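Here's target-v9.tsv, which has TSV, C-alpha atoms and all ligand atoms:
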```tsv
chain	number	residue	atom	x	y	z
A	1	MET	CA	2.46	-9.87	4.45
A	2	LYS	CA	1.41	-13.20	5.93
A	3	ARG	CA	-2.28	-12.95	6.69
A	4	LEU	CA	-3.88	-14.51	9.75
A	5	GLN	CA	-6.30	-17.41	9.74
A	6	PHE	CA	-8.33	-18.81	12.62
A	7	ALA	CA	-11.58	-20.53	13.52
A	8	ILE	CA	-14.87	-18.84	14.28
A	9	GLY	CA	-16.79	-21.71	15.80
A	10	SER	CA	-16.94	-24.42	13.14
A	11	LYS	CA	-15.71	-22.20	10.27
A	12	MET	CA	-12.20	-21.11	9.35
A	13	ILE	CA	-11.59	-17.61	8.07
A	14	GLY	CA	-8.59	-15.76	6.73
A	15	GLU	CA	-5.68	-16.77	4.51
A	16	GLY	CA	-6.53	-19.63	2.16
A	17	HIS	CA	-10.17	-19.97	3.20
A	18	PRO	CA	-13.31	-19.08	1.23
A	19	CYS	CA	-15.00	-15.75	1.82
A	20	LEU	CA	-17.93	-16.48	4.13
A	21	ILE	CA	-21.50	-15.16	3.97
A	22	GLN	CA	-23.01	-13.30	6.90
A	23	THR	CA	-26.23	-11.58	7.75
A	24	MET	CA	-27.92	-10.26	10.89
A	25	GLY	CA	-31.19	-10.95	12.69
A	26	ASP	CA	-33.97	-8.53	11.78
A	27	GLN	CA	-36.04	-8.75	14.97
A	28	LYS	CA	-35.21	-8.52	18.66
A	29	THR	CA	-32.89	-11.37	19.60
A	30	ASP	CA	-34.99	-12.57	22.55
A	31	LYS	CA	-37.62	-13.77	20.06
A	32	VAL	CA	-35.78	-17.07	20.12
A	33	ASP	CA	-38.11	-19.13	17.91
A	34	TYR	CA	-37.95	-16.51	15.20
A	35	ALA	CA	-34.16	-16.19	15.48
A	36	VAL	CA	-33.65	-19.97	15.31
A	37	SER	CA	-36.04	-20.43	12.39
A	38	LEU	CA	-34.44	-17.58	10.42
A	39	THR	CA	-30.91	-18.86	11.06
A	40	ASN	CA	-31.71	-22.43	10.09
A	41	ARG	CA	-33.63	-21.37	6.98
A	42	LEU	CA	-30.82	-19.11	5.78
A	43	SER	CA	-28.09	-21.63	6.57
A	44	LYS	CA	-29.78	-24.04	4.12
A	45	MET	CA	-29.26	-21.32	1.49
A	46	GLY	CA	-25.56	-20.98	2.27
A	47	LEU	CA	-25.41	-18.54	5.19
A	48	ASP	CA	-22.12	-19.24	6.98
A	49	MET	CA	-22.51	-17.21	10.17
A	50	MET	CA	-25.28	-15.23	11.84
A	51	ARG	CA	-25.03	-12.02	13.88
A	52	PHE	CA	-27.51	-10.96	16.55
A	53	SER	CA	-27.72	-7.62	18.32
A	54	VAL	CA	-27.67	-7.67	22.13
A	55	LEU	CA	-29.69	-4.80	23.53
A	56	ASP	CA	-30.38	-6.12	27.02
A	57	LYS	CA	-30.04	-9.11	29.34
A	58	ASN	CA	-32.92	-10.97	27.68
A	59	ASP	CA	-31.08	-10.86	24.35
A	60	ALA	CA	-27.85	-12.01	26.00
A	61	PHE	CA	-29.62	-14.96	27.70
A	62	ALA	CA	-31.40	-15.85	24.44
A	63	LEU	CA	-28.06	-16.45	22.71
A	64	LYS	CA	-27.49	-19.69	24.63
A	65	GLU	CA	-30.75	-21.21	23.35
A	66	ILE	CA	-30.17	-19.90	19.83
A	67	LYS	CA	-26.70	-21.42	19.86
A	68	ALA	CA	-28.08	-24.78	21.02
A	69	LYS	CA	-30.69	-24.91	18.26
A	70	THR	CA	-28.59	-23.78	15.29
A	71	MET	CA	-25.58	-25.23	13.47
A	72	ILE	CA	-23.61	-22.22	12.20
A	73	PRO	CA	-21.38	-19.81	14.17
A	74	ILE	CA	-23.30	-17.16	16.11
A	75	ILE	CA	-21.96	-13.63	16.56
A	76	ALA	CA	-23.13	-11.21	19.25
A	77	ASP	CA	-23.24	-7.53	18.32
A	78	ILE	CA	-22.82	-5.23	21.32
A	79	HIS	CA	-22.87	-1.48	21.73
A	80	PHE	CA	-22.58	0.69	24.85
A	81	ASP	CA	-22.63	-1.91	27.65
A	82	TYR	CA	-19.55	-4.11	27.99
A	83	THR	CA	-21.37	-6.42	30.44
A	84	PHE	CA	-23.52	-7.69	27.55
A	85	ALA	CA	-20.33	-8.69	25.75
A	86	LEU	CA	-19.26	-10.69	28.82
A	87	MET	CA	-22.72	-12.29	29.05
A	88	ALA	CA	-22.73	-13.15	25.35
A	89	MET	CA	-19.37	-14.90	25.70
A	90	GLU	CA	-20.70	-16.77	28.72
A	91	ALA	CA	-23.67	-17.85	26.57
A	92	GLY	CA	-21.21	-19.51	24.18
A	93	VAL	CA	-21.20	-17.26	21.10
A	94	ASP	CA	-18.47	-17.86	18.54
A	95	LYS	CA	-17.47	-14.23	17.98
A	96	ILE	CA	-18.40	-10.84	19.34
A	97	ARG	CA	-18.63	-7.63	17.40
A	98	ILE	CA	-17.95	-4.40	19.25
A	99	ASN	CA	-17.21	-0.80	18.42
A	100	PRO	CA	-14.36	-0.11	20.87
A	101	GLY	CA	-15.25	3.58	20.83
A	102	ASN	CA	-18.62	3.09	22.48
A	103	ILE	CA	-18.17	0.12	24.81
A	104	GLY	CA	-17.71	2.21	27.95
A	105	GLY	CA	-14.07	3.29	28.07
A	106	GLU	CA	-10.68	1.64	27.79
A	107	ALA	CA	-10.80	-0.21	31.13
A	108	ASN	CA	-14.04	-1.97	30.15
A	109	LEU	CA	-12.70	-2.67	26.67
A	110	ARG	CA	-9.70	-4.39	28.25
A	111	LEU	CA	-12.04	-6.57	30.39
A	112	VAL	CA	-13.86	-7.67	27.22
A	113	ILE	CA	-10.60	-8.44	25.41
A	114	GLN	CA	-9.23	-10.39	28.40
A	115	GLU	CA	-12.40	-12.52	28.59
A	116	ALA	CA	-12.34	-13.15	24.82
A	117	LYS	CA	-8.72	-14.24	25.06
A	118	LYS	CA	-9.49	-16.55	27.99
A	119	LYS	CA	-12.41	-18.15	26.12
A	120	ASN	CA	-10.61	-18.16	22.73
A	121	ILE	CA	-13.37	-16.07	21.12
A	122	PRO	CA	-12.43	-13.76	18.22
A	123	ILE	CA	-13.52	-10.14	18.29
A	124	ARG	CA	-14.69	-8.18	15.29
A	125	ILE	CA	-13.74	-4.55	15.65
A	126	GLY	CA	-16.21	-2.31	13.92
A	127	VAL	CA	-15.04	1.17	13.06
A	128	ASN	CA	-17.16	2.92	10.47
A	129	SER	CA	-17.47	6.36	8.95
A	130	GLY	CA	-20.53	7.13	11.09
A	131	SER	CA	-18.73	6.65	14.42
A	132	LEU	CA	-15.44	8.49	13.98
A	133	ASN	CA	-16.06	11.16	16.61
A	134	LYS	CA	-12.72	12.86	17.46
A	135	TYR	CA	-10.99	11.40	14.38
A	136	ARG	CA	-13.33	12.97	11.83
A	137	GLY	CA	-11.46	15.34	9.50
A	138	LYS	CA	-8.06	14.59	11.08
A	139	THR	CA	-6.56	13.41	7.79
A	140	ALA	CA	-6.98	14.08	4.08
A	141	SER	CA	-9.64	11.39	3.57
A	142	LYS	CA	-12.43	9.57	5.39
A	143	ALA	CA	-10.59	6.31	4.79
A	144	ASP	CA	-7.49	7.61	6.56
A	145	ASP	CA	-9.62	8.97	9.42
A	146	ILE	CA	-11.03	5.46	9.91
A	147	LEU	CA	-7.54	3.89	9.85
A	148	LEU	CA	-6.27	6.46	12.35
A	149	ALA	CA	-9.11	5.58	14.74
A	150	LEU	CA	-8.39	1.89	14.18
A	151	ASP	CA	-4.65	2.25	14.90
A	152	GLU	CA	-5.34	3.64	18.36
A	153	THR	CA	-7.83	0.86	19.10
A	154	LEU	CA	-5.53	-1.89	17.86
A	155	GLU	CA	-2.84	-0.74	20.26
A	156	VAL	CA	-5.05	-1.84	23.18
A	157	PHE	CA	-5.68	-5.25	21.57
A	158	ARG	CA	-1.94	-5.71	20.98
A	159	GLU	CA	-1.16	-4.82	24.60
A	160	GLU	CA	-3.68	-7.44	25.74
A	161	GLY	CA	-2.20	-9.99	23.31
A	162	LEU	CA	-5.40	-10.78	21.37
A	163	GLU	CA	-4.61	-11.69	17.75
A	164	LYS	CA	-7.93	-13.23	16.71
A	165	ILE	CA	-9.34	-10.02	15.35
A	166	VAL	CA	-11.59	-9.33	12.37
A	167	LEU	CA	-11.73	-5.77	11.06
A	168	SER	CA	-14.88	-4.12	9.77
A	169	LEU	CA	-14.46	-0.63	8.30
A	170	LYS	CA	-17.78	0.09	6.71
A	171	SER	CA	-18.85	3.16	4.83
A	172	SER	CA	-22.03	4.01	2.95
A	173	ASN	CA	-20.01	5.38	0.02
A	174	PRO	CA	-18.63	2.77	-2.46
A	175	HIS	CA	-15.53	4.88	-3.26
A	176	ASP	CA	-14.62	5.35	0.42
A	177	LEU	CA	-15.22	1.66	1.02
A	178	GLU	CA	-12.82	0.59	-1.70
A	179	GLU	CA	-10.13	2.99	-0.45
A	180	VAL	CA	-10.34	2.06	3.22
A	181	TYR	CA	-10.38	-1.71	2.68
A	182	THR	CA	-7.57	-1.61	0.11
A	183	LYS	CA	-5.40	0.33	2.56
A	184	ALA	CA	-6.38	-1.90	5.50
A	185	TYR	CA	-5.54	-5.03	3.48
A	186	GLU	CA	-2.06	-3.67	2.79
A	187	LYS	CA	-1.52	-2.52	6.36
A	188	TYR	CA	-2.93	-5.25	8.66
A	189	PRO	CA	-2.77	-9.09	8.67
A	190	TYR	CA	-6.26	-9.49	10.15
A	191	PRO	CA	-9.24	-10.97	8.25
A	192	LEU	CA	-11.58	-8.31	6.86
A	193	HIS	CA	-15.37	-8.27	7.02
A	194	LEU	CA	-16.72	-6.50	3.92
A	195	GLY	CA	-19.95	-4.62	3.60
A	196	LEU	CA	-21.40	-1.33	2.53
A	197	THR	CA	-23.45	0.06	5.39
A	198	GLU	CA	-26.95	1.54	4.99
A	199	SER	CA	-26.93	0.52	1.34
A	200	GLY	CA	-30.67	0.77	0.90
A	201	TYR	CA	-33.64	-1.16	-0.34
A	202	SER	CA	-33.59	-4.05	-2.77
A	203	THR	CA	-32.21	-3.17	-6.23
A	204	ASN	CA	-30.67	0.12	-5.16
A	205	GLY	CA	-28.96	-1.51	-2.18
A	206	CYS	CA	-27.65	-4.38	-4.29
A	207	ILE	CA	-26.18	-1.99	-6.85
A	208	LYS	CA	-24.49	0.20	-4.23
A	209	SER	CA	-23.11	-2.81	-2.36
A	210	ALA	CA	-21.87	-4.41	-5.56
A	211	LEU	CA	-20.09	-1.22	-6.63
A	212	GLY	CA	-18.34	-1.08	-3.26
A	213	VAL	CA	-17.41	-4.70	-2.61
A	214	PHE	CA	-17.00	-6.28	-6.05
A	215	PRO	CA	-13.68	-4.56	-6.90
A	216	LEU	CA	-12.35	-5.66	-3.50
A	217	LEU	CA	-13.59	-9.24	-3.77
A	218	SER	CA	-12.11	-9.49	-7.28
A	219	LYS	CA	-8.68	-8.53	-5.88
A	220	GLY	CA	-8.95	-11.23	-3.21
A	221	ILE	CA	-9.77	-8.76	-0.43
A	222	GLY	CA	-12.44	-9.75	2.08
A	223	ASP	CA	-12.88	-12.79	4.30
A	224	THR	CA	-16.54	-12.41	5.25
A	225	LEU	CA	-19.27	-10.53	3.40
A	226	ARG	CA	-22.63	-9.02	4.13
A	227	VAL	CA	-24.84	-7.24	1.62
A	228	SER	CA	-26.98	-5.14	3.97
A	229	LEU	CA	-30.44	-4.63	2.51
A	230	ALA	CA	-33.71	-3.24	3.84
A	231	ASP	CA	-35.31	-6.38	2.44
A	232	ASP	CA	-35.88	-10.05	3.23
A	233	ARG	CA	-32.73	-11.67	4.55
A	234	GLU	CA	-33.01	-14.28	1.79
A	235	GLU	CA	-32.24	-11.50	-0.69
A	236	GLU	CA	-29.06	-10.65	1.22
A	237	ILE	CA	-27.88	-14.25	0.95
A	238	ARG	CA	-28.66	-14.39	-2.80
A	239	ALA	CA	-26.82	-11.09	-3.34
A	240	CYS	CA	-23.75	-12.32	-1.43
A	241	LYS	CA	-23.73	-15.57	-3.39
A	242	THR	CA	-23.94	-13.78	-6.73
A	243	LEU	CA	-21.08	-11.44	-5.85
A	244	LEU	CA	-18.85	-14.23	-4.57
A	245	ARG	CA	-19.49	-16.38	-7.64
A	246	LEU	CA	-18.88	-13.55	-10.11
A	247	ALA	CA	-15.74	-12.42	-8.26
A	248	GLY	CA	-14.41	-15.98	-8.48
A	249	ARG	CA	-14.24	-16.30	-4.69
A	250	ARG	CA	-16.41	-19.41	-4.29
A	251	LYS	CA	-16.77	-22.60	-6.36
A	252	ASP	CA	-19.89	-23.87	-4.61
A	253	ILE	CA	-22.36	-21.26	-5.82
A	254	PRO	CA	-24.66	-21.85	-8.83
A	255	ASP	CA	-25.56	-19.23	-11.43
A	256	LEU	CA	-29.00	-18.66	-12.94
A	257	VAL	CA	-29.20	-17.10	-16.38
A	258	VAL	CA	-32.64	-15.75	-17.23
A	259	CYS	CA	-33.54	-14.06	-20.51
A	260	PRO	CA	-35.09	-10.60	-20.18
A	261	THR	CA	-37.99	-11.72	-22.44
A	262	CYS	CA	-39.05	-9.91	-25.59
A	263	GLY	CA	-41.70	-10.12	-28.28
A	264	ARG	CA	-40.55	-13.67	-29.09
A	265	THR	CA	-41.29	-14.92	-25.57
A	266	LEU	CA	-43.46	-18.02	-25.74
A	267	VAL	CA	-43.88	-18.80	-22.02
A	268	ASP	CA	-44.15	-16.88	-18.76
A	269	VAL	CA	-40.45	-16.76	-17.84
A	270	LYS	CA	-40.79	-15.16	-14.40
A	271	PRO	CA	-42.64	-17.90	-12.47
A	272	ILE	CA	-40.45	-20.60	-14.01
A	273	SER	CA	-37.27	-18.74	-13.13
A	274	ARG	CA	-38.50	-18.30	-9.55
A	275	LEU	CA	-39.00	-22.08	-9.26
A	276	VAL	CA	-35.49	-22.69	-10.61
A	277	GLN	CA	-34.02	-20.03	-8.30
A	278	ALA	CA	-35.71	-21.70	-5.30
A	279	LYS	CA	-34.11	-24.98	-6.33
A	280	LEU	CA	-30.67	-23.37	-6.77
A	281	ASP	CA	-30.92	-21.65	-3.37
A	282	ALA	CA	-30.14	-25.02	-1.80
A	283	VAL	CA	-27.57	-26.25	-4.34
A	284	PHE	CA	-23.85	-26.10	-3.58
A	285	SER	CA	-22.02	-26.49	-6.88
A	286	ASP	CA	-20.86	-24.18	-9.67
A	287	VAL	CA	-23.60	-25.32	-12.06
A	288	GLN	CA	-24.96	-22.69	-14.47
A	289	VAL	CA	-28.65	-23.01	-15.36
A	290	ALA	CA	-30.64	-21.02	-17.93
A	291	VAL	CA	-34.32	-20.20	-18.26
A	292	MET	CA	-35.07	-18.77	-21.71
A	293	GLY	CA	-38.26	-17.47	-23.22
A	294	CYS	CA	-37.89	-19.03	-26.66
A	295	PRO	CA	-35.64	-21.44	-28.56
A	296	VAL	CA	-35.06	-18.99	-31.44
A	297	ASN	CA	-32.17	-17.21	-29.80
A	298	GLY	CA	-32.42	-18.64	-26.31
A	299	ILE	CA	-30.48	-21.86	-26.66
A	300	GLY	CA	-27.65	-20.17	-28.54
A	301	GLU	CA	-27.52	-17.27	-26.09
A	302	ALA	CA	-27.37	-19.74	-23.19
A	303	LYS	CA	-24.97	-22.19	-24.81
A	304	ASP	CA	-22.49	-21.84	-21.95
A	305	ALA	CA	-25.12	-22.96	-19.46
A	306	ASP	CA	-24.69	-26.49	-18.17
A	307	TYR	CA	-28.44	-27.03	-18.33
A	308	GLY	CA	-31.46	-25.01	-19.31
A	309	ILE	CA	-35.02	-24.89	-20.46
A	310	ALA	CA	-36.54	-22.74	-23.19
A	311	GLY	CA	-40.19	-22.14	-23.99
A	312	THR	CA	-41.63	-23.52	-27.23
A	313	GLY	CA	-44.66	-22.31	-29.16
A	314	MET	CA	-46.88	-24.92	-27.47
A	315	LYS	CA	-48.62	-24.22	-24.16
A	316	ASP	CA	-46.57	-25.24	-21.11
A	317	THR	CA	-44.05	-27.08	-23.28
A	318	TYR	CA	-40.30	-26.63	-22.90
A	319	LEU	CA	-37.12	-27.71	-24.61
A	320	LEU	CA	-34.52	-29.09	-22.24
A	321	PHE	CA	-30.93	-28.38	-23.29
A	322	SER	CA	-27.35	-28.75	-22.16
A	323	LYS	CA	-24.41	-26.68	-23.46
A	324	GLY	CA	-26.52	-25.54	-26.42
A	325	LYS	CA	-27.71	-29.04	-27.41
A	326	VAL	CA	-31.41	-29.92	-27.20
A	327	LEU	CA	-32.05	-33.02	-25.09
A	328	GLY	CA	-35.81	-33.28	-25.56
A	329	GLN	CA	-39.18	-31.56	-25.41
A	330	TYR	CA	-41.37	-31.94	-22.33
A	331	GLN	CA	-44.39	-30.59	-20.51
A	332	LYS	CA	-43.51	-28.09	-17.78
A	333	GLU	CA	-43.54	-30.48	-14.81
A	334	GLU	CA	-41.49	-33.14	-16.57
A	335	ALA	CA	-39.05	-30.57	-17.95
A	336	LEU	CA	-38.48	-29.15	-14.46
A	337	GLU	CA	-38.19	-32.60	-12.92
A	338	LYS	CA	-35.51	-33.60	-15.43
A	339	LEU	CA	-33.73	-30.26	-15.05
A	340	PHE	CA	-33.65	-30.55	-11.25
A	341	LYS	CA	-32.43	-34.15	-11.46
A	342	MET	CA	-29.52	-33.08	-13.67
A	343	ILE	CA	-28.69	-30.24	-11.27
A	344	ASP	CA	-28.64	-32.76	-8.39
A	345	GLU	CA	-26.45	-35.17	-10.32
A	346	TYR	CA	-24.05	-32.38	-11.24
A	347	GLU	CA	-23.82	-31.48	-7.56
A	348	LYS	CA	-23.01	-35.06	-6.69
A	349	GLY	CA	-20.25	-35.00	-9.23
A	350	ASN	CA	-21.91	-37.67	-11.38
A	351	LEU	CA	-22.24	-35.39	-14.39
A	352	GLN	CA	-19.33	-33.37	-15.70
A	353	ALA	CA	-19.99	-30.09	-17.51
A	354	LYS	CA	-18.11	-30.03	-20.79
A	401	LIG	S1	-34.39	-15.87	-25.36
A	401	LIG	FE1	-36.01	-15.50	-26.90
A	401	LIG	S2	-37.63	-14.53	-25.66
A	401	LIG	FE2	-35.80	-14.38	-24.44
A	401	LIG	S3	-34.96	-12.36	-24.93
A	401	LIG	FE3	-33.91	-13.85	-26.26
A	401	LIG	S4	-35.13	-13.84	-28.15
A	401	LIG	FE4	-36.42	-12.86	-26.57
```
Turn the structure described in the file into structure tokens.
Amino acid sequence: MKRLQFAIGSKMIGEGHPCLIQTMGDQKTDKVDYAVSLTNRLSKMGLDMMRFSVLDKNDAFALKEIKAKTMIPIIADIHFDYTFALMAMEAGVDKIRINPGNIGGEANLRLVIQEAKKKNIPIRIGVNSGSLNKYRGKTASKADDILLALDETLEVFREEGLEKIVLSLKSSNPHDLEEVYTKAYEKYPYPLHLGLTESGYSTNGCIKSALGVFPLLSKGIGDTLRVSLADDREEEIRACKTLLRLAGRRKDIPDLVVCPTCGRTLVDVKPISRLVQAKLDAVFSDVQVAVMGCPVNGIGEAKDADYGIAGTGMKDTYLLFSKGKVLGQYQKEEALEKLFKMIDEYEKGNLQAK
């Protein structure tokens, strides 16, 4: 099946385009300064598009200012009141996300679709296992219930002639998620937004999300991704980047290898690895960097890394290495400075990893 591709603001999604990273504002949208600062901070880490909930008119009006002060596509998330969807489109958002089942009836849904078509704004249709209502239990599986609900909704979009549609079919169960997205990928040409909903806090949420989305990403399914965590939004971006790199879906995401430390550890690995992670947050290449606790096993274990540092027996002294070969021994600051310079040069394409 030929899959669709189209623009969402400045970014292309769909067939032949990289899977894009999304997250959502974590405070009320009319706190404009907060929303702008969060968006701009996260976009420097690789966030591709930002979603904001629209609860009232103040949120809808705020979108215009947020849009003017940020560089990435902005998505408005609307429930219950279709007029907020119209206002968000008037404010210039790049996509809207609605649940057609709760937007106030079919006539209002058609008004939203007609306006989106007129303004050339894609719509993300969100149907998830928590909002199935009359479709719950209609088929043999939750996944098929979701697809049944979606089929009825899509009929309205087809009648209105809107093709720029993104589907979101979230579930909080990794098995259901894999089933519903695999079936949707085979059945519809529309780009798919992946994410496990209500995944949880920190480590637990990352594990659940990874179990749900990694098999899909590895098969080439998924055009945008969110790892929803009850945690700092920075952690969501890092989790998305890790999944996309490991699934082979992006070539502009670095990898950080850190040893777990053991009785041979000669330096405090954690603070050093945090400094390196902070550096890599703003790097857009496929460089692999290692932070190892000792040279005994560390350099050999990290021999695939493009660059790395390993603690020595002397206080605050590190070996700098590349592909398993030691380049020199330096004090912490100089070792980090040299490491970061090599990472920058790799990004510029001046150094080639062997
Ligand atoms: S690199 Fe050294 S300190 Fe780290 S786990 Fe391996 S042996 Fe232990």
Nearby residues (all atoms listed in the file) at most 10 Å from Asp59 in chain A, same-chain spacing under 4 positions excluded, as a PDB file with C-alpha atoms, in the frame of the given file:
```
ATOM      1  CA  LYS A  28     -35.210  -8.520  18.660  1.00  0.00           C
ATOM      2  CA  THR A  29     -32.890 -11.370  19.600  1.00  0.00           C
ATOM      3  CA  ASP A  30     -34.990 -12.570  22.550  1.00  0.00           C
ATOM      4  CA  LYS A  31     -37.620 -13.770  20.060  1.00  0.00           C
ATOM      5  CA  VAL A  32     -35.780 -17.070  20.120  1.00  0.00           C
ATOM      6  CA  PHE A  52     -27.510 -10.960  16.550  1.00  0.00           C
ATOM      7  CA  SER A  53     -27.720  -7.620  18.320  1.00  0.00           C
ATOM      8  CA  VAL A  54     -27.670  -7.670  22.130  1.00  0.00           C
ATOM      9  CA  LEU A  55     -29.690  -4.800  23.530  1.00  0.00           C
ATOM     10  CA  LEU A  63     -28.060 -16.450  22.710  1.00  0.00           C
ATOM     11  CA  LYS A  64     -27.490 -19.690  24.630  1.00  0.00           C
ATOM     12  CA  ALA A  76     -23.130 -11.210  19.250  1.00  0.00           C
ATOM     13  CA  PHE A  84     -23.520  -7.690  27.550  1.00  0.00           C
ATOM     14  CA  MET A  87     -22.720 -12.290  29.050  1.00  0.00           C
ATOM     15  CA  ALA A  88     -22.730 -13.150  25.350  1.00  0.00           C
TER      16      ALA A  88
END
```
inquiry  = Around the point (-12.1, -9.9, 24.2) (coordinates from the file), which residues reach within 10 Å if we count all atoms listed in the file? Answer as a list in words.
reply    =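 Residues with an atom close enough to that point: Ala85, Leu86, Met89, Lys95, Ile96, Arg97, Ile98, Leu109, Arg110, Leu111, Val112, Ile113, Gln114, Glu115, Ala116, Lys117, Lys118, Lys119, Asn120, Ile121, Pro122, Ile123, Arg124, Phe157, Glu160, Gly161, Leu162, Lys164 and Ile165 of chain A.
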Kindly save the residues from that selection, with C-alpha atoms included, as a tab-separated table (two decimals), keeping the file's coordinate frame.
```
chain	number	residue	atom	x	y	z
A	85	ALA	CA	-20.33	-8.69	25.75
A	86	LEU	CA	-19.26	-10.69	28.82
A	89	MET	CA	-19.37	-14.90	25.70
A	95	LYS	CA	-17.47	-14.23	17.98
A	96	ILE	CA	-18.40	-10.84	19.34
A	97	ARG	CA	-18.63	-7.63	17.40
A	98	ILE	CA	-17.95	-4.40	19.25
A	109	LEU	CA	-12.70	-2.67	26.67
A	110	ARG	CA	-9.70	-4.39	28.25
A	111	LEU	CA	-12.04	-6.57	30.39
A	112	VAL	CA	-13.86	-7.67	27.22
A	113	ILE	CA	-10.60	-8.44	25.41
A	114	GLN	CA	-9.23	-10.39	28.40
A	115	GLU	CA	-12.40	-12.52	28.59
A	116	ALA	CA	-12.34	-13.15	24.82
A	117	LYS	CA	-8.72	-14.24	25.06
A	118	LYS	CA	-9.49	-16.55	27.99
A	119	LYS	CA	-12.41	-18.15	26.12
A	120	ASN	CA	-10.61	-18.16	22.73
A	121	ILE	CA	-13.37	-16.07	21.12
A	122	PRO	CA	-12.43	-13.76	18.22
A	123	ILE	CA	-13.52	-10.14	18.29
A	124	ARG	CA	-14.69	-8.18	15.29
A	157	PHE	CA	-5.68	-5.25	21.57
A	160	GLU	CA	-3.68	-7.44	25.74
A	161	GLY	CA	-2.20	-9.99	23.31
A	162	LEU	CA	-5.40	-10.78	21.37
A	164	LYS	CA	-7.93	-13.23	16.71
A	165	ILE	CA	-9.34	-10.02	15.35
```
request  = Using all atoms listed in the file, find each residue with an atom at most 7 Å away from ligand LIG 401 (chain A) and format the answer as a list in words.
outcome  = Cys259, Pro260, Thr261, Cys262, Gly263, Arg264, Thr265, Leu266, Met292, Gly293, Cys294, Pro295, Val296, Asn297 and Gly298 of chain A
query = Of the candidates A:Ile146, A:Val127, A:Met1, A:Cys240, which shows the shortest atom-to-atom distance to Pro189 in chain A, using only C-alpha atoms?
reply =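 Looking only at the distances to Pro189 in chain A, the closest residue turns out to be A:Met1.
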query = Of the residues A:Leu336, A:Asp268, A:Lys219, A:Thr242, which is the one nearest to Gly313 in chain A, using only C-alpha atoms?
reply =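 Using only C-alpha atoms, Gly313 in chain A sits closest to A:Asp268.
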task = Work out how far apart CA of Tyr318 in chain A and CA of Pro271 in chain A are and give it in Å to one decimal.
result =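 Calculated distance between CA of Tyr318 in chain A and CA of Pro271 in chain A is 13.8 Å.
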Using only C-alpha atoms: which of A:Thr83, A:Ala91, A:Ser202, A:Arg3 has the shortest distance to Asn108 in chain A =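 Under the stated criterion, the closest residue is A:Thr83.
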key: Tyr346 in chain A environment, 10 Å, all atoms listed in the file, sequence neighbours closer than 6 positions dropped, as a PyMOL selection string   = chain A and resi 283-287+306-307+340+352-353
Selected residue, from A:Leu192, A:Leu225, A:Val156, A:Ala239, that lies nearest to Gly205 in chain A when counting all atoms listed in the file =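 When distances to Gly205 in chain A are compared using all atoms listed in the file, the smallest one comes from A:Ala239.
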Expected answer as a PDB file with C-alpha atoms, in the coordinates of the input: all residues with atoms within 12 Å of (-42.5, -29.5, -27.5), all atoms listed in the file:
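Now in result.pdb:
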```pdb
ATOM      1  CA  LEU A 266     -43.460 -18.020 -25.740  1.00  0.00           C
ATOM      2  CA  CYS A 294     -37.890 -19.030 -26.660  1.00  0.00           C
ATOM      3  CA  PRO A 295     -35.640 -21.440 -28.560  1.00  0.00           C
ATOM      4  CA  ILE A 309     -35.020 -24.890 -20.460  1.00  0.00           C
ATOM      5  CA  ALA A 310     -36.540 -22.740 -23.190  1.00  0.00           C
ATOM      6  CA  GLY A 311     -40.190 -22.140 -23.990  1.00  0.00           C
ATOM      7  CA  THR A 312     -41.630 -23.520 -27.230  1.00  0.00           C
ATOM      8  CA  GLY A 313     -44.660 -22.310 -29.160  1.00  0.00           C
ATOM      9  CA  MET A 314     -46.880 -24.920 -27.470  1.00  0.00           C
ATOM     10  CA  LYS A 315     -48.620 -24.220 -24.160  1.00  0.00           C
ATOM     11  CA  ASP A 316     -46.570 -25.240 -21.110  1.00  0.00           C
ATOM     12  CA  THR A 317     -44.050 -27.080 -23.280  1.00  0.00           C
ATOM     13  CA  TYR A 318     -40.300 -26.630 -22.900  1.00  0.00           C
ATOM     14  CA  LEU A 319     -37.120 -27.710 -24.610  1.00  0.00           C
ATOM     15  CA  LEU A 320     -34.520 -29.090 -22.240  1.00  0.00           C
ATOM     16  CA  VAL A 326     -31.410 -29.920 -27.200  1.00  0.00           C
ATOM     17  CA  LEU A 327     -32.050 -33.020 -25.090  1.00  0.00           C
ATOM     18  CA  GLY A 328     -35.810 -33.280 -25.560  1.00  0.00           C
ATOM     19  CA  GLN A 329     -39.180 -31.560 -25.410  1.00  0.00           C
ATOM     20  CA  TYR A 330     -41.370 -31.940 -22.330  1.00  0.00           C
ATOM     21  CA  GLN A 331     -44.390 -30.590 -20.510  1.00  0.00           C
ATOM     22  CA  LYS A 332     -43.510 -28.090 -17.780  1.00  0.00           C
ATOM     23  CA  GLU A 334     -41.490 -33.140 -16.570  1.00  0.00           C
ATOM     24  CA  ALA A 335     -39.050 -30.570 -17.950  1.00  0.00           C
TER      25      ALA A 335
END
```
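Considering all atoms listed in the file, the residue among A:Ala68, A:Leu217, A:Ala230, A:Val291 positioned nearest to Gly308 in chain A is A:Val291.
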request  = Could you jot down the CA of Gly92 in chain A to CA of Glu159 in chain A separation for me, Å, one decimal place?
outcome  =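 Atom-to-atom, CA of Gly92 in chain A to CA of Glu159 in chain A, that is 24.9 Å.
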key: Residue nearest Ala60 in chain A - candidates A:Leu246, A:Ile343, A:Ile78, A:Glu301, atoms counted: all atoms listed in the file   =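 Checking each candidate against Ala60 in chain A, we get A:Ile78 as the closest.
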